[in-house]
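See below for my_file14.txt, which holds compact mmCIF, C-alpha atoms.
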```txt
# COMPACT_ATOMS: atom_id res chain seq x y z
CA MET A 1263 -10.01 -16.03 34.21
CA ALA A 1264 -7.31 -13.38 34.25
CA ASP A 1265 -5.50 -12.66 30.99
CA GLN A 1266 -1.98 -13.96 30.76
CA VAL A 1267 0.18 -11.67 28.67
CA VAL A 1268 3.87 -12.23 27.91
CA LEU A 1269 6.10 -10.05 25.73
CA LEU A 1270 9.22 -11.58 24.19
CA ASP A 1271 11.40 -8.56 23.48
CA PHE A 1272 14.91 -7.10 23.24
CA TRP A 1273 15.52 -3.80 25.02
CA PRO A 1274 16.83 -1.67 22.07
CA SER A 1275 14.22 -2.93 19.57
CA MET A 1276 11.96 -0.16 18.26
CA PHE A 1277 9.46 -2.81 17.33
CA GLY A 1278 9.35 -4.16 20.86
CA MET A 1279 9.01 -0.61 22.20
CA ARG A 1280 5.81 -0.22 20.18
CA LEU A 1281 4.18 -3.03 22.13
CA ARG A 1282 5.53 -1.83 25.47
CA ILE A 1283 3.92 1.56 24.81
CA ALA A 1284 0.58 0.05 23.73
CA LEU A 1285 0.39 -2.29 26.72
CA ALA A 1286 1.21 0.61 29.05
CA GLU A 1287 -1.37 2.88 27.38
CA LYS A 1288 -4.02 0.24 27.95
CA GLY A 1289 -2.89 -0.52 31.50
CA ILE A 1290 -2.34 -4.20 30.69
CA GLU A 1291 -0.21 -6.21 33.08
CA TYR A 1292 2.29 -8.43 31.38
CA GLU A 1293 5.47 -10.40 31.86
CA TYR A 1294 8.45 -8.95 30.00
CA LYS A 1295 10.99 -11.53 28.81
CA GLU A 1296 14.31 -10.27 27.50
CA GLU A 1297 15.68 -12.33 24.62
CA ASP A 1298 19.34 -12.82 23.79
CA LEU A 1299 19.21 -12.59 20.01
CA LYS A 1300 22.51 -14.45 19.69
CA ASN A 1301 21.00 -17.29 21.67
CA LYS A 1302 17.27 -17.38 21.00
CA SER A 1303 15.16 -19.14 23.61
CA PRO A 1304 13.18 -22.31 22.82
CA LEU A 1305 10.07 -20.28 23.67
CA LEU A 1306 10.82 -17.69 20.99
CA LEU A 1307 11.58 -20.34 18.40
CA LYS A 1308 8.34 -22.12 19.31
CA MET A 1309 6.21 -18.95 19.31
CA ASN A 1310 7.68 -17.47 16.11
CA PRO A 1311 8.93 -20.41 14.07
CA VAL A 1312 8.43 -18.55 10.77
CA HIS A 1313 10.60 -15.47 11.45
CA LYS A 1314 12.30 -16.31 14.78
CA LYS A 1315 12.12 -12.61 15.66
CA ILE A 1316 11.00 -10.41 18.48
CA PRO A 1317 8.70 -8.90 19.53
CA VAL A 1318 6.17 -11.65 20.12
CA LEU A 1319 3.06 -10.96 22.14
CA ILE A 1320 1.78 -14.12 23.80
CA HIS A 1321 -1.84 -13.81 24.96
CA ASN A 1322 -3.11 -16.76 26.97
CA GLY A 1323 -0.47 -18.94 25.34
CA LYS A 1324 -1.23 -17.84 21.77
CA PRO A 1325 1.48 -15.88 19.92
CA VAL A 1326 0.94 -12.76 17.81
CA CYS A 1327 4.00 -11.85 15.75
CA GLU A 1328 4.90 -8.70 13.76
CA SER A 1329 4.65 -5.52 15.82
CA LEU A 1330 2.03 -3.61 13.79
CA ILE A 1331 -0.20 -6.68 13.65
CA ALA A 1332 0.21 -7.10 17.41
CA LEU A 1333 -0.69 -3.39 17.87
CA GLN A 1334 -3.93 -3.91 15.93
CA TYR A 1335 -4.58 -7.02 18.02
CA ILE A 1336 -4.00 -5.21 21.33
CA ASP A 1337 -6.27 -2.36 20.21
CA GLY A 1338 -8.98 -4.82 19.15
CA VAL A 1339 -8.96 -6.97 22.28
CA TRP A 1340 -8.49 -4.26 24.93
CA ASN A 1341 -10.82 -1.77 23.35
CA GLU A 1342 -12.38 -0.02 26.37
CA LYS A 1343 -9.62 2.52 26.91
CA SER A 1344 -6.98 4.46 24.98
CA SER A 1345 -8.02 3.55 21.44
CA LEU A 1346 -5.01 3.59 19.17
CA LEU A 1347 -6.85 3.27 15.86
CA PRO A 1348 -9.68 5.61 14.83
CA SER A 1349 -13.17 4.15 14.46
CA ASP A 1350 -13.77 6.06 11.23
CA PRO A 1351 -12.82 3.71 8.35
CA TYR A 1352 -11.10 6.44 6.31
CA LEU A 1353 -9.01 7.73 9.22
CA ASN A 1354 -8.26 4.11 10.13
CA SER A 1355 -6.95 3.50 6.60
CA GLN A 1356 -4.73 6.57 6.81
CA ALA A 1357 -3.28 5.34 10.11
CA LEU A 1358 -2.57 1.90 8.61
CA PHE A 1359 -1.00 3.57 5.55
CA TRP A 1360 1.38 5.79 7.52
CA ALA A 1361 2.46 3.07 9.96
CA ASP A 1362 3.18 0.90 6.92
CA TYR A 1363 5.23 3.81 5.50
CA VAL A 1364 7.29 3.94 8.71
CA ASP A 1365 7.95 0.22 8.43
CA LYS A 1366 8.84 0.28 4.75
CA LYS A 1367 11.09 3.34 4.81
CA ILE A 1368 12.53 4.41 8.16
CA TYR A 1369 14.24 1.29 9.46
CA GLY A 1370 16.07 0.57 6.20
CA ALA A 1371 17.27 4.13 5.66
CA ALA A 1372 18.31 4.54 9.30
CA THR A 1373 20.25 1.26 9.22
CA LYS A 1374 22.15 2.55 6.18
CA VAL A 1375 23.24 5.55 8.27
CA TRP A 1376 24.78 3.65 11.17
CA THR A 1377 26.21 0.78 9.09
CA ALA A 1378 27.75 2.96 6.34
CA LYS A 1379 31.37 2.05 5.63
CA THR A 1380 32.12 4.76 3.09
CA ALA A 1381 31.46 8.50 3.07
CA GLU A 1382 29.29 8.05 -0.04
CA ASP A 1383 27.11 5.39 1.58
CA LEU A 1384 26.74 7.59 4.64
CA GLU A 1385 25.64 10.64 2.65
CA ALA A 1386 23.20 8.55 0.65
CA GLY A 1387 21.77 7.02 3.85
CA LYS A 1388 21.42 10.40 5.55
CA LYS A 1389 19.68 11.95 2.56
CA GLU A 1390 17.26 9.04 2.35
CA LEU A 1391 16.46 9.12 6.07
CA ILE A 1392 15.93 12.88 6.15
CA ASP A 1393 13.76 12.75 3.02
CA TYR A 1394 11.49 10.13 4.59
CA LEU A 1395 11.36 11.91 7.96
CA LYS A 1396 10.39 15.12 6.13
CA VAL A 1397 7.51 13.31 4.43
CA LEU A 1398 6.32 12.18 7.86
CA GLU A 1399 6.79 15.70 9.24
CA GLY A 1400 4.64 16.96 6.36
CA GLU A 1401 1.94 14.45 7.24
CA LEU A 1402 2.05 15.51 10.90
CA GLY A 1403 1.57 19.16 9.90
CA ASP A 1404 0.40 21.29 12.79
CA LYS A 1405 -1.37 18.48 14.62
CA PRO A 1406 -0.11 17.59 18.10
CA TYR A 1407 -0.06 13.90 17.13
CA PHE A 1408 -0.30 11.98 13.87
CA GLY A 1409 -3.77 10.86 14.94
CA GLY A 1410 -4.86 14.44 15.62
CA GLU A 1411 -5.61 15.51 19.18
CA THR A 1412 -4.89 12.12 20.67
CA PHE A 1413 -1.84 9.88 20.68
CA GLY A 1414 -2.45 6.89 18.42
CA TYR A 1415 -1.28 4.08 16.18
CA VAL A 1416 1.09 6.05 13.93
CA ASP A 1417 2.63 7.84 16.92
CA VAL A 1418 3.24 4.46 18.60
CA SER A 1419 4.76 3.10 15.36
CA LEU A 1420 7.23 5.95 14.92
CA VAL A 1421 8.21 7.31 18.34
CA PRO A 1422 10.44 4.34 19.29
CA PHE A 1423 12.86 5.43 16.55
CA TYR A 1424 13.41 8.63 18.58
CA SER A 1425 15.47 6.62 21.07
CA TRP A 1426 17.84 5.80 18.20
CA PHE A 1427 18.11 9.38 16.83
CA TYR A 1428 21.13 10.22 18.99
CA ALA A 1429 22.93 7.14 17.60
CA TYR A 1430 22.05 8.06 13.98
CA GLU A 1431 23.11 11.68 14.52
CA THR A 1432 26.39 10.77 16.19
CA CYS A 1433 27.32 8.12 13.62
CA GLY A 1434 26.25 10.36 10.77
CA LYS A 1435 27.45 13.69 12.24
CA PHE A 1436 24.21 15.51 11.53
CA SER A 1437 21.24 16.90 13.40
CA ILE A 1438 17.77 15.54 12.79
CA GLU A 1439 16.31 18.47 14.75
CA ALA A 1440 17.92 20.95 12.36
CA GLU A 1441 16.24 19.20 9.42
CA CYS A 1442 12.93 18.23 11.05
CA PRO A 1443 12.23 20.53 14.01
CA LYS A 1444 8.49 19.84 14.10
CA LEU A 1445 9.10 16.10 14.20
CA ILE A 1446 11.45 16.48 17.18
CA ALA A 1447 8.88 18.68 18.92
CA TRP A 1448 6.34 15.92 18.33
CA ALA A 1449 8.72 13.28 19.73
CA LYS A 1450 9.35 15.35 22.86
CA ARG A 1451 5.60 15.78 23.27
CA CYS A 1452 5.19 11.99 23.11
CA MET A 1453 8.00 11.52 25.63
CA GLU A 1454 5.92 13.51 28.14
CA LYS A 1455 3.55 10.56 28.24
CA GLU A 1456 4.47 8.03 30.91
CA SER A 1457 3.76 5.08 28.61
CA VAL A 1458 6.36 6.34 26.12
CA ALA A 1459 8.98 7.56 28.62
CA LYS A 1460 8.93 4.21 30.42
CA SER A 1461 9.10 2.18 27.21
CA LEU A 1462 12.00 3.86 25.44
CA PRO A 1463 15.55 3.17 26.59
CA ASP A 1464 18.04 5.97 27.21
CA SER A 1465 19.46 7.27 23.90
CA HIS A 1466 23.04 7.07 25.14
CA LYS A 1467 22.56 3.41 26.07
CA VAL A 1468 21.26 2.78 22.56
CA TYR A 1469 24.31 4.56 21.12
CA GLU A 1470 26.65 2.36 23.20
CA PHE A 1471 24.80 -0.67 21.88
CA VAL A 1472 25.15 0.58 18.27
CA LEU A 1473 28.90 1.03 18.85
CA THR A 1474 29.22 -2.61 19.90
CA LEU A 1475 27.36 -3.64 16.73
CA ARG A 1476 29.58 -1.43 14.56
CA LYS A 1477 32.65 -3.07 16.08
CA ALA A 1478 31.20 -6.53 15.51
CA TYR A 1479 30.42 -5.67 11.85
CA GLY A 1480 33.89 -4.25 11.31
CA ILE A 1481 32.67 -0.72 10.66
CA ASP A 1482 34.69 0.82 13.51
CA MET B 1357 -26.67 9.30 -2.92
CA ALA B 1358 -24.86 6.77 -5.08
CA GLU B 1359 -21.53 5.60 -3.76
CA GLU B 1360 -18.73 7.04 -5.79
CA VAL B 1361 -16.10 4.34 -5.93
CA LYS B 1362 -13.26 4.50 -8.41
CA LEU B 1363 -10.20 2.32 -8.76
CA LEU B 1364 -6.96 3.49 -10.29
CA GLY B 1365 -5.70 0.09 -11.28
CA PHE B 1366 -4.16 -2.18 -13.85
CA GLY B 1367 -5.71 -5.46 -14.98
CA GLY B 1368 -2.38 -7.27 -15.07
CA SER B 1369 -1.42 -6.42 -11.48
CA PRO B 1370 -2.14 -8.89 -8.67
CA PHE B 1371 -2.37 -5.94 -6.25
CA SER B 1372 -5.03 -4.23 -8.36
CA CYS B 1373 -6.91 -7.53 -8.79
CA ARG B 1374 -7.02 -7.94 -5.00
CA VAL B 1375 -9.09 -4.78 -4.71
CA GLU B 1376 -11.41 -5.74 -7.57
CA ILE B 1377 -12.07 -9.16 -6.06
CA ALA B 1378 -12.85 -7.60 -2.67
CA LEU B 1379 -15.21 -4.99 -4.12
CA LYS B 1380 -17.01 -7.61 -6.17
CA LEU B 1381 -17.40 -9.92 -3.17
CA LYS B 1382 -19.03 -7.05 -1.29
CA GLY B 1383 -21.23 -6.26 -4.30
CA ILE B 1384 -19.84 -2.74 -4.64
CA GLN B 1385 -20.19 -0.99 -8.00
CA TYR B 1386 -17.02 0.78 -9.00
CA GLU B 1387 -15.44 2.48 -11.98
CA MET B 1388 -12.09 1.09 -13.06
CA ILE B 1389 -9.76 3.78 -14.38
CA PRO B 1390 -6.95 1.76 -16.00
CA GLN B 1391 -3.49 3.20 -15.45
CA GLU B 1392 -0.37 2.92 -17.55
CA LEU B 1393 2.48 1.88 -15.32
CA ALA B 1394 5.24 3.37 -17.42
CA ASN B 1395 3.45 6.66 -17.97
CA LYS B 1396 1.92 7.68 -14.65
CA SER B 1397 -1.17 9.84 -14.98
CA PRO B 1398 -1.60 13.18 -13.17
CA LEU B 1399 -4.56 11.55 -11.39
CA LEU B 1400 -2.35 8.79 -9.97
CA LEU B 1401 0.42 11.20 -8.96
CA GLU B 1402 -2.15 13.46 -7.30
CA HIS B 1403 -3.76 10.69 -5.29
CA ASN B 1404 -0.68 8.66 -4.41
CA PRO B 1405 2.13 11.21 -4.19
CA VAL B 1406 4.00 9.12 -1.62
CA HIS B 1407 4.42 5.86 -3.55
CA LYS B 1408 3.10 6.78 -7.03
CA LYS B 1409 1.73 3.25 -7.42
CA ILE B 1410 -1.50 1.47 -8.20
CA PRO B 1411 -3.90 0.41 -6.87
CA VAL B 1412 -5.53 3.53 -5.44
CA LEU B 1413 -9.14 3.38 -4.32
CA LEU B 1414 -11.06 6.64 -4.49
CA HIS B 1415 -14.15 6.71 -2.30
CA HIS B 1416 -16.09 9.97 -2.62
CA GLY B 1417 -12.87 11.41 -4.00
CA LYS B 1418 -10.74 10.41 -1.01
CA PRO B 1419 -7.76 8.18 -1.84
CA ILE B 1420 -6.72 4.99 -0.07
CA CYS B 1421 -3.38 3.49 -1.15
CA GLU B 1422 -1.58 0.15 -0.65
CA SER B 1423 -3.64 -2.92 -1.55
CA VAL B 1424 -3.73 -4.46 1.95
CA VAL B 1425 -4.75 -1.10 3.47
CA ILE B 1426 -7.48 -0.86 0.80
CA LEU B 1427 -8.73 -4.36 1.69
CA GLU B 1428 -8.96 -3.36 5.37
CA TYR B 1429 -10.84 -0.19 4.33
CA VAL B 1430 -13.27 -2.14 2.14
CA GLU B 1431 -13.91 -4.51 5.05
CA GLU B 1432 -14.55 -1.67 7.52
CA THR B 1433 -16.70 0.40 5.19
CA TRP B 1434 -19.02 -2.13 3.61
CA LYS B 1435 -20.59 -4.82 5.77
CA GLY B 1436 -22.18 -7.86 4.10
CA VAL B 1437 -19.77 -10.60 3.05
CA PRO B 1438 -16.99 -10.54 5.67
CA LEU B 1439 -13.42 -10.70 4.39
CA LEU B 1440 -11.71 -10.99 7.77
CA PRO B 1441 -12.60 -13.39 10.59
CA GLU B 1442 -14.51 -11.92 13.57
CA ASP B 1443 -12.22 -13.38 16.21
CA PRO B 1444 -9.32 -10.93 16.94
CA TYR B 1445 -6.76 -13.75 17.09
CA GLU B 1446 -7.87 -15.23 13.76
CA ARG B 1447 -7.74 -11.71 12.29
CA ALA B 1448 -4.16 -11.33 13.49
CA MET B 1449 -3.29 -14.67 11.88
CA ALA B 1450 -4.81 -13.63 8.53
CA ARG B 1451 -2.85 -10.37 8.66
CA PHE B 1452 0.35 -12.20 9.62
CA TRP B 1453 0.17 -14.54 6.64
CA ALA B 1454 -0.78 -11.70 4.29
CA LYS B 1455 2.38 -9.90 5.40
CA PHE B 1456 4.35 -13.12 4.92
CA ILE B 1457 3.16 -13.29 1.32
CA ASP B 1458 3.89 -9.63 0.60
CA GLU B 1459 7.22 -9.32 2.39
CA LYS B 1460 8.75 -12.75 1.90
CA CYS B 1461 7.12 -14.70 -0.91
CA LEU B 1462 6.69 -12.13 -3.65
CA SER B 1463 10.22 -10.75 -3.75
CA THR B 1464 11.78 -14.21 -3.36
CA VAL B 1465 9.73 -15.61 -6.24
CA TRP B 1466 10.50 -12.61 -8.44
CA LYS B 1467 14.21 -12.74 -7.72
CA ALA B 1468 14.43 -16.52 -8.27
CA CYS B 1469 12.50 -16.44 -11.54
CA PHE B 1470 14.71 -13.78 -13.05
CA SER B 1471 18.03 -15.17 -11.90
CA LYS B 1472 20.04 -17.93 -13.55
CA GLY B 1473 22.17 -20.98 -12.81
CA GLU B 1474 23.20 -21.63 -9.21
CA GLU B 1475 21.59 -18.41 -8.00
CA GLN B 1476 18.27 -19.55 -9.42
CA GLU B 1477 18.65 -23.03 -7.94
CA LYS B 1478 19.18 -21.59 -4.47
CA GLY B 1479 16.38 -19.12 -5.01
CA MET B 1480 13.94 -21.82 -6.02
CA GLU B 1481 14.80 -23.87 -2.94
CA GLU B 1482 13.91 -20.83 -0.85
CA VAL B 1483 10.68 -20.34 -2.83
CA LEU B 1484 9.66 -23.95 -2.25
CA GLY B 1485 10.33 -23.61 1.48
CA LEU B 1486 8.26 -20.44 1.74
CA LEU B 1487 5.36 -21.87 -0.25
CA LYS B 1488 5.38 -25.05 1.84
CA THR B 1489 5.16 -22.88 4.96
CA LEU B 1490 2.28 -20.93 3.44
CA GLU B 1491 0.44 -24.03 2.29
CA SER B 1492 0.51 -25.44 5.83
CA GLN B 1493 -2.19 -22.87 6.59
CA LEU B 1494 -4.51 -24.68 4.18
CA GLU B 1495 -4.45 -27.94 6.15
CA GLY B 1496 -8.05 -29.22 6.43
CA LYS B 1497 -9.49 -26.17 4.68
CA LYS B 1498 -10.84 -25.41 1.24
CA PHE B 1499 -9.63 -21.83 1.36
CA PHE B 1500 -7.38 -19.84 3.72
CA GLY B 1501 -10.62 -18.22 4.85
CA GLY B 1502 -12.35 -21.57 5.48
CA ASP B 1503 -15.34 -22.54 3.36
CA ASN B 1504 -15.32 -19.23 1.49
CA ILE B 1505 -12.56 -17.00 0.19
CA GLY B 1506 -11.45 -14.24 2.51
CA PHE B 1507 -8.76 -11.63 3.10
CA LEU B 1508 -5.82 -14.03 2.94
CA ASP B 1509 -7.09 -15.82 -0.18
CA ILE B 1510 -7.42 -12.44 -1.87
CA VAL B 1511 -3.89 -11.41 -0.87
CA ALA B 1512 -2.64 -14.80 -2.13
CA ASP B 1513 -4.06 -14.13 -5.61
CA PHE B 1514 -0.48 -13.90 -6.84
CA ALA B 1515 -0.07 -17.61 -6.19
CA ALA B 1516 -3.22 -18.46 -8.17
CA LEU B 1517 -1.92 -17.08 -11.44
CA TRP B 1518 1.26 -15.01 -11.55
CA LEU B 1519 3.33 -17.59 -9.66
CA GLY B 1520 2.66 -20.34 -12.20
CA VAL B 1521 3.32 -17.99 -15.11
CA LEU B 1522 6.64 -16.76 -13.70
CA LEU B 1523 7.78 -20.33 -12.95
CA GLU B 1524 6.89 -21.36 -16.50
CA VAL B 1525 8.89 -18.45 -17.93
CA ALA B 1526 11.82 -19.47 -15.70
CA GLY B 1527 11.46 -23.07 -16.89
CA VAL B 1528 11.10 -24.42 -13.36
CA ASP B 1529 8.58 -27.11 -12.40
CA LEU B 1530 7.77 -26.34 -8.79
CA LEU B 1531 4.04 -25.87 -8.69
CA ASN B 1532 2.93 -29.48 -8.92
CA ASP B 1533 0.87 -31.91 -6.87
CA SER B 1534 3.83 -33.80 -5.46
CA LYS B 1535 5.70 -30.73 -4.20
CA LEU B 1536 2.80 -28.44 -3.21
CA PRO B 1537 -0.41 -30.48 -3.12
CA LEU B 1538 -2.42 -28.19 -0.85
CA LEU B 1539 -1.47 -25.05 -2.74
CA CYS B 1540 -2.28 -26.65 -6.10
CA LYS B 1541 -5.71 -27.70 -4.84
CA TRP B 1542 -6.29 -24.18 -3.49
CA ILE B 1543 -5.30 -22.64 -6.85
CA GLU B 1544 -7.95 -24.76 -8.58
CA GLU B 1545 -10.65 -23.86 -6.05
CA PHE B 1546 -9.73 -20.17 -5.97
CA ASN B 1547 -9.71 -19.86 -9.76
CA ASN B 1548 -13.15 -21.53 -9.89
CA CYS B 1549 -14.75 -18.73 -7.87
CA PRO B 1550 -16.91 -16.58 -10.15
CA VAL B 1551 -15.56 -13.21 -8.93
CA VAL B 1552 -12.00 -14.47 -9.39
CA LYS B 1553 -12.71 -15.82 -12.87
CA GLU B 1554 -14.12 -12.51 -14.02
CA THR B 1555 -11.26 -10.48 -12.48
CA LEU B 1556 -7.94 -12.19 -13.15
CA PRO B 1557 -6.28 -11.41 -16.49
CA PRO B 1558 -5.93 -14.08 -19.21
CA ARG B 1559 -3.02 -16.42 -18.53
CA ASP B 1560 -1.67 -16.34 -22.06
CA MET B 1561 -1.51 -12.54 -21.99
CA LEU B 1562 0.54 -12.63 -18.77
CA LEU B 1563 2.79 -15.37 -20.12
CA LYS B 1564 3.52 -13.35 -23.24
CA PHE B 1565 4.26 -10.23 -21.15
CA PHE B 1566 6.68 -11.98 -18.77
CA LYS B 1567 8.45 -13.84 -21.59
CA MET B 1568 9.16 -10.45 -23.13
CA GLN B 1569 10.41 -9.15 -19.77
CA GLN B 1570 12.69 -12.17 -19.39
CA ALA B 1571 14.14 -11.64 -22.86
CA ALA B 1572 14.61 -7.92 -22.33
CA THR B 1573 16.20 -7.95 -18.88
CA GLY B 1574 18.34 -11.05 -19.19
CA PRO B 1575 19.81 -12.38 -15.96
CA GLN B 1576 18.89 -9.33 -13.87
CA TYR B 1577 15.69 -8.87 -11.98
CA LYS B 1578 13.64 -5.81 -11.13
```

In structure tokens, what does this structure look like?
Amino acid sequence: MADQVVLLDFWPSMFGMRLRIALAEKGIEYEYKEEDLKNKSPLLLKMNPVHKKIPVLIHNGKPVCESLIALQYIDGVWNEKSSLLPSDPYLNSQALFWADYVDKKIYGAATKVWTAKTAEDLEAGKKELIDYLKVLEGELGDKPYFGGETFGYVDVSLVPFYSWFYAYETCGKFSIEAECPKLIAWAKRCMEKESVAKSLPDSHKVYEFVLTLRKAYGID
Amino acid sequence: MAEEVKLLGFGGSPFSCRVEIALKLKGIQYEMIPQELANKSPLLLEHNPVHKKIPVLLHHGKPICESVVILEYVEETWKGVPLLPEDPYERAMARFWAKFIDEKCLSTVWKACFSKGEEQEKGMEEVLGLLKTLESQLEGKKFFGGDNIGFLDIVADFAALWLGVLLEVAGVDLLNDSKLPLLCKWIEEFNNCPVVKETLPPRDMLLKFFKMQQAATGPQYK
């Protein structure tokens, strides 16, 4: 029986992008369903009753929620090609650690940058974001990808944020490339992969979207 | 060559206890190097420069940080007693609920226990809702892992001891058979497991510690 894969997603979501990339890397056919987060579908509410959030991967009717957990699931089920996680337990643990770091640090700090209402909040947000990105840049070192020679789990976890960098930089009036040149080089390298290029929205579209949010939140 | 397994941990921490329970279940000999939380050792800062927190597992000198990451490492490295289910979907479910505990339950419980008045009332309502959601996963099972304790039971160790202590310090009666029957039954079963009994810290010691915290910090929370 053929696998039935559905992805409940929202086009600017970095978390959704992670799954788009993974599914593309593995060559898995799936149905993409765009959610209106102001008007969540009965399907979303049924598939993720606990958090009511996207993305949700639905495999043969069964939902997997939380993007990193869904990434591990995809890698485990479709394990013949494009492994995202290393087989070595130590390297695997390092991948899990750094993806967890991305989740714990980057989203929060980045959100502070584009939602800042005062100059002080903005400076604090920018400093925090750059500090965390520099830690990640340090971890990347001179490797082509976080996983080493091949694109993997940590790369998939982080690269979606690249589509939001233009929005952060424009709102915050700073350059991430100036602070973290190696990280930007890494992101551009990832963007050369079809799975990534097809999964990330245009940065200017994301910026337009952020502007609508800023207006709605009374920041602009 | 003998395995060299060391744990930078703290007996009073549920995160540290998770690792000890897992290692014991797998029958792994390890050396516990107790850490002082207020006075971080050079060893801890060297091996966890990013978060500077315990627990840190050192296997042949290589550090693994973050308790859930350590549990996954222990599972991958040492076969024998399985902590995670074999089925990929069941694995994803165990990981989902572990994340639910760590990201939703812990901070909500902490905040509610150290707040006062109306804020605490609202907080406790939220805590009850979250714990009811969690306990639904125990329906028809002895443990989250089934007949034996597994990954999710280990991650839920907070609920087996620290939760009750914090609620007692806050003076709130939430953890009882009428409100959370499945969770209360699980707490009894979990605490009866030999590896759990020999790992978790004494209840009265924790109670004393948190009563002091409550007195010192007043209405704020950490």

Give the residues of chain B that lie within 7 Å of chain A; count all atoms listed in the file, and format the answer as a ChimeraX atom specification. /B:1420,1425,1429,1432-1433,1444,1448,1451-1452

Can you spit out the residues from that selection as a PDB file, in the frame of the given file, using C-alpha atoms?
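Okay, this is what ended up in again25.pdb:
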```
ATOM      1  CA  ILE B1420      -6.720   4.990  -0.070  1.00  0.00           C
ATOM      2  CA  VAL B1425      -4.750  -1.100   3.470  1.00  0.00           C
ATOM      3  CA  TYR B1429     -10.840  -0.190   4.330  1.00  0.00           C
ATOM      4  CA  GLU B1432     -14.550  -1.670   7.520  1.00  0.00           C
ATOM      5  CA  THR B1433     -16.700   0.400   5.190  1.00  0.00           C
ATOM      6  CA  PRO B1444      -9.320 -10.930  16.940  1.00  0.00           C
ATOM      7  CA  ALA B1448      -4.160 -11.330  13.490  1.00  0.00           C
ATOM      8  CA  ARG B1451      -2.850 -10.370   8.660  1.00  0.00           C
ATOM      9  CA  PHE B1452       0.350 -12.200   9.620  1.00  0.00           C
TER      10      PHE B1452
END
```

Name the residues within 12 Å of (17.4, -16.9, 2.8), counting all atoms listed in the file in the file's coordinates, and put them as a PyMOL selection string. (chain A and resi 1313) or (chain B and resi 1460-1461+1463-1465+1467-1468+1475+1478-1486)

Smallest atom-to-atom distance to Ser1534 (chain B): which of B:Lys1488, B:Val1552, B:Lys1472, B:Glu1477, using all atoms listed in the file?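 Ranked by minimum distance to Ser1534 (chain B), first place goes to B:Lys1488.
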
Of the candidates A:Met1453, A:Leu1462, A:Lys1444, A:Ala1429, which one gets nearest to Thr1474 (chain A) if we count only C-alpha atoms?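 Using only C-alpha atoms, the shortest distance to Thr1474 (chain A) belongs to A:Ala1429.
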
Pick from A:Glu1293, A:Glu1401, A:Glu1470, A:Asp1383: nearest to Thr1432 (chain A), with all atoms listed in the file counted?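 With all atoms listed in the file as the atom set, the closest residue is A:Glu1470.
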
For Lys1460 (chain A), which residue among A:Leu1307, A:Asp1365, A:Ile1320, A:Ser1425 is the nearest when counting only C-alpha atoms?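 Residue with the minimum atom-to-atom distance to Lys1460 (chain A): A:Ser1425.
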
Between A:Tyr1469, A:Trp1448, A:Glu1431, A:Asp1298, which one has atoms that come closest to Gly1410 (chain A), using all atoms listed in the file?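 Among the listed residues, the smallest separation from Gly1410 (chain A) belongs to A:Trp1448.
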
What's around Ile1505 (chain B) at 9 Å? Count all atoms listed in the file, leave out sequence neighbours fewer than 4 positions away in its own chain, and write the answer as a ChimeraX atom specification. /B:1439,1498-1501,1509-1510,1546,1549

Output the selection as a PDB file, in the coordinates of the input - C-alpha atoms for each residue.
```pdb
ATOM      1  CA  LEU B1439     -13.420 -10.700   4.390  1.00  0.00           C
ATOM      2  CA  LYS B1498     -10.840 -25.410   1.240  1.00  0.00           C
ATOM      3  CA  PHE B1499      -9.630 -21.830   1.360  1.00  0.00           C
ATOM      4  CA  PHE B1500      -7.380 -19.840   3.720  1.00  0.00           C
ATOM      5  CA  GLY B1501     -10.620 -18.220   4.850  1.00  0.00           C
ATOM      6  CA  ASP B1509      -7.090 -15.820  -0.180  1.00  0.00           C
ATOM      7  CA  ILE B1510      -7.420 -12.440  -1.870  1.00  0.00           C
ATOM      8  CA  PHE B1546      -9.730 -20.170  -5.970  1.00  0.00           C
ATOM      9  CA  CYS B1549     -14.750 -18.730  -7.870  1.00  0.00           C
TER      10      CYS B1549
END
```

Length of the CA of Gly1473 (chain B) to CA of Asp1560 (chain B) vector [Å]: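 Rounded to one decimal, the two atoms are 26.0 Å apart.
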
Between B:Glu1545, B:Glu1359, B:Glu1402, B:Glu1392, single out the one closest to Asn1504 (chain B), counting only C-alpha atoms.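 Using only C-alpha atoms, the shortest distance to Asn1504 (chain B) belongs to B:Glu1545.
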
Surrounding residues of Ala1512 (chain B) excluding itself and chain neighbours under 3 positions, 12 Å, all atoms listed in the file, as number ranges by chain: B: 1370-1371, 1373-1374, 1377, 1423-1424, 1450-1451, 1453-1458, 1461-1462, 1487, 1490-1491, 1493-1494, 1499-1501, 1505-1509, 1515-1519, 1539, 1542-1543, 1546-1547, 1552

Please check which residues have atoms at most 12 Å from (0.4, 9.7, -13.4) in the file's coordinates, counting only C-alpha atoms, and write them as a list of chain:residue names.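 So the residues meeting the distance criterion are B:Leu1364, B:Gly1365, B:Ile1389, B:Pro1390, B:Gln1391, B:Glu1392, B:Leu1393, B:Ala1394, B:Asn1395, B:Lys1396, B:Ser1397, B:Pro1398, B:Leu1399, B:Leu1400, B:Leu1401, B:Glu1402, B:His1403, B:Asn1404, B:Pro1405, B:His1407, B:Lys1408, B:Lys1409, B:Ile1410, B:Val1412.
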
Let me know the centre plus edge lengths, in Å and rounded to one decimal, of a box with edges along x, y and z that contains all listed atoms of region 1323-1332 of chain A and is padded by 3 Å on every side, as JSON.
```
{"center_x": 1.8, "center_y": -11.3, "center_z": 19.5, "size_x": 12.1, "size_y": 21.3, "size_z": 17.7}
```
